[in-house]
Amino acid sequence: IKNMFLQRIFTLVCFYVAFVSGKLQRNTLVKSSTSAKIRLVSTIAGLFSGVATFPSNAFADLIPAPWSSDVQYEVLKQSAKDALQPKVGDLVAIRFRGSYKGNDFDDTFKTEQPYFYRAGVGLLLKGLDDAVVNMHVGDRYHLNFGGDLAFGTKGKASSPGKPRIPPNANVDFEVELVELPGTGDDFIADVE
């Protein structure tokens, strides 16, 4: 019984440290919503009852996105107010991680280069594509969306090491708008 009690205390301390460091890393002052506080209290209660569960969005303060009520989002990192914002058709560089029930199915944070594409023209999942054109360079969001904004009625077949995603399932994305190549001082044509 003593070992079990010490394990739970240790787990609680680790849990608290992860919670505090996660909030500090966001570089914004985030007021916890009532639902986030309820999730936190229920998770702590689960630790002491021996039935600990850690939902994938235990700390997420997801709210409806201003560009679509079918997308839930949270600002993880906010850029300066004067940062560039892409328009539909602009070339953008993003990094993203897509997951279903905590299992990653795509992750460009692990690649050497970001993912380059034309924003807002339908080359990515609609929920992700719509978010990118509403971000500023340097923004990092956590997104949750499903249905036609994700993989729709077909879902996504599994592949080696990747989960199967059922039809109309909600997926989570963490996305960062890294840059708008060809804009600003980083793209100057040398013409003679």
# chains A, B, ... in the order shown; residues from 1 in each chain; ligands from 1

$ residues_around --residues "Ala169 of chain A" --least-positions-apart "5" --cutoff "9 Å" --atoms "only C-alpha atoms" --output "CSV table (one decimal) with all heavy atoms, in the first residue's frame"
chain,number,residue,atom,x,y,z
A,100,TYR,N,-4.8,10.8,-34.8
A,100,TYR,CA,-6.1,10.3,-34.5
A,100,TYR,C,-6.1,9.5,-33.2
A,100,TYR,O,-5.3,8.6,-33.1
A,100,TYR,CB,-6.6,9.4,-35.7
A,100,TYR,CG,-7.9,8.7,-35.4
A,100,TYR,CD1,-9.1,9.4,-35.3
A,100,TYR,CD2,-7.9,7.3,-35.2
A,100,TYR,CE1,-10.3,8.8,-35.0
A,100,TYR,CE2,-9.1,6.7,-35.0
A,100,TYR,CZ,-10.3,7.4,-34.9
A,100,TYR,OH,-11.5,6.8,-34.6
A,145,PHE,N,-11.0,18.8,-36.0
A,145,PHE,CA,-12.1,18.8,-36.9
A,145,PHE,C,-12.4,17.4,-37.5
A,145,PHE,O,-11.5,16.5,-37.4
A,145,PHE,CB,-11.8,19.8,-38.0
A,145,PHE,CG,-10.5,19.6,-38.8
A,145,PHE,CD1,-10.4,18.7,-39.8
A,145,PHE,CD2,-9.4,20.3,-38.3
A,145,PHE,CE1,-9.2,18.5,-40.5
A,145,PHE,CE2,-8.1,20.1,-39.0
A,145,PHE,CZ,-8.1,19.2,-40.1
A,146,GLY,N,-13.5,17.3,-38.1
A,146,GLY,CA,-13.9,16.0,-38.7
A,146,GLY,C,-14.8,16.1,-39.9
A,146,GLY,O,-14.9,17.2,-40.5
A,147,GLY,N,-15.4,15.0,-40.2
A,147,GLY,CA,-16.4,15.0,-41.4
A,147,GLY,C,-15.7,15.4,-42.7
A,147,GLY,O,-14.6,15.0,-43.0
A,150,ALA,N,-12.1,16.8,-42.8
A,150,ALA,CA,-11.0,15.8,-42.5
A,150,ALA,C,-11.0,14.8,-43.7
A,150,ALA,O,-10.9,15.2,-44.8
A,150,ALA,CB,-11.2,15.2,-41.2
A,151,PHE,N,-11.2,13.6,-43.4
A,151,PHE,CA,-11.2,12.5,-44.4
A,151,PHE,C,-12.5,12.1,-44.9
A,151,PHE,O,-12.6,11.2,-45.7
A,151,PHE,CB,-10.4,11.3,-43.9
A,151,PHE,CG,-9.0,11.6,-43.6
A,151,PHE,CD1,-8.5,11.9,-42.3
A,151,PHE,CD2,-8.1,11.6,-44.7
A,151,PHE,CE1,-7.2,12.2,-42.1
A,151,PHE,CE2,-6.7,11.9,-44.4
A,151,PHE,CZ,-6.3,12.2,-43.1
A,152,GLY,N,-13.6,12.8,-44.5
A,152,GLY,CA,-14.9,12.6,-45.1
A,152,GLY,C,-15.5,11.2,-44.8
A,152,GLY,O,-15.1,10.4,-43.9
A,153,THR,N,-16.4,10.8,-45.7
A,153,THR,CA,-17.1,9.5,-45.6
A,153,THR,C,-16.2,8.3,-46.0
A,153,THR,O,-16.6,7.2,-45.6
A,153,THR,CB,-18.4,9.5,-46.5
A,153,THR,OG1,-18.0,9.7,-47.8
A,153,THR,CG2,-19.4,10.5,-46.0
A,155,GLY,N,-12.9,8.0,-45.0
A,155,GLY,CA,-11.9,7.8,-44.0
A,155,GLY,C,-10.6,7.6,-44.6
A,155,GLY,O,-10.4,8.1,-45.7

$ atom_distance --atom1 "atom CA of Gly127 of chain A" --atom2 "atom CA of Leu149 of chain A"
4.6 Å

$ atom_distance --atom1 "atom CA of Pro114 of chain A" --atom2 "atom CA of Ala93 of chain A"
5.7 Å

$ closest_residue --among "A:Asp82, A:Asp104, A:Asp61, A:Asp70" --to "Asp130 of chain A" --atoms "only C-alpha atoms"
A:Asp70

$ atom_distance --atom1 "atom CA of Gly98 of chain A" --atom2 "atom CA of Pro181 of chain A"
23.2 Å

$ residues_around --residues "Asp107 of chain A" --least-positions-apart "3" --cutoff "10 Å" --atoms "only C-alpha atoms" --output "compact mmCIF listing (two decimals) with N, CA and C atoms, in the first residue's frame"
# COMPACT_ATOMS: atom_id res chain seq x y z
N ARG A 95 4.62 23.56 -40.87
CA ARG A 95 4.96 22.30 -40.20
C ARG A 95 3.68 21.85 -39.52
N PHE A 96 3.41 20.56 -39.58
CA PHE A 96 2.20 20.06 -38.94
C PHE A 96 2.36 18.63 -38.48
N ARG A 97 1.52 18.27 -37.51
CA ARG A 97 1.45 16.90 -36.99
C ARG A 97 -0.02 16.54 -36.93
N GLY A 98 -0.40 15.49 -37.63
CA GLY A 98 -1.78 15.02 -37.60
C GLY A 98 -1.88 13.75 -36.79
N SER A 99 -2.93 13.66 -35.96
CA SER A 99 -3.10 12.46 -35.15
C SER A 99 -4.57 12.11 -35.01
N ASP A 104 -0.10 9.40 -34.18
CA ASP A 104 0.30 10.25 -35.31
C ASP A 104 0.16 9.51 -36.63
N LYS A 110 9.22 16.53 -37.89
CA LYS A 110 10.38 15.64 -37.85
C LYS A 110 11.22 15.72 -39.13
N THR A 111 10.74 16.44 -40.13
CA THR A 111 11.47 16.51 -41.40
C THR A 111 12.43 17.69 -41.40
N PHE A 173 -4.74 18.27 -35.26
CA PHE A 173 -3.55 18.76 -35.94
C PHE A 173 -2.91 19.83 -35.09
N GLU A 174 -1.60 19.81 -35.07
CA GLU A 174 -0.83 20.93 -34.56
C GLU A 174 -0.17 21.50 -35.80
N VAL A 175 -0.37 22.79 -36.07
CA VAL A 175 0.15 23.39 -37.29
C VAL A 175 0.83 24.70 -36.95
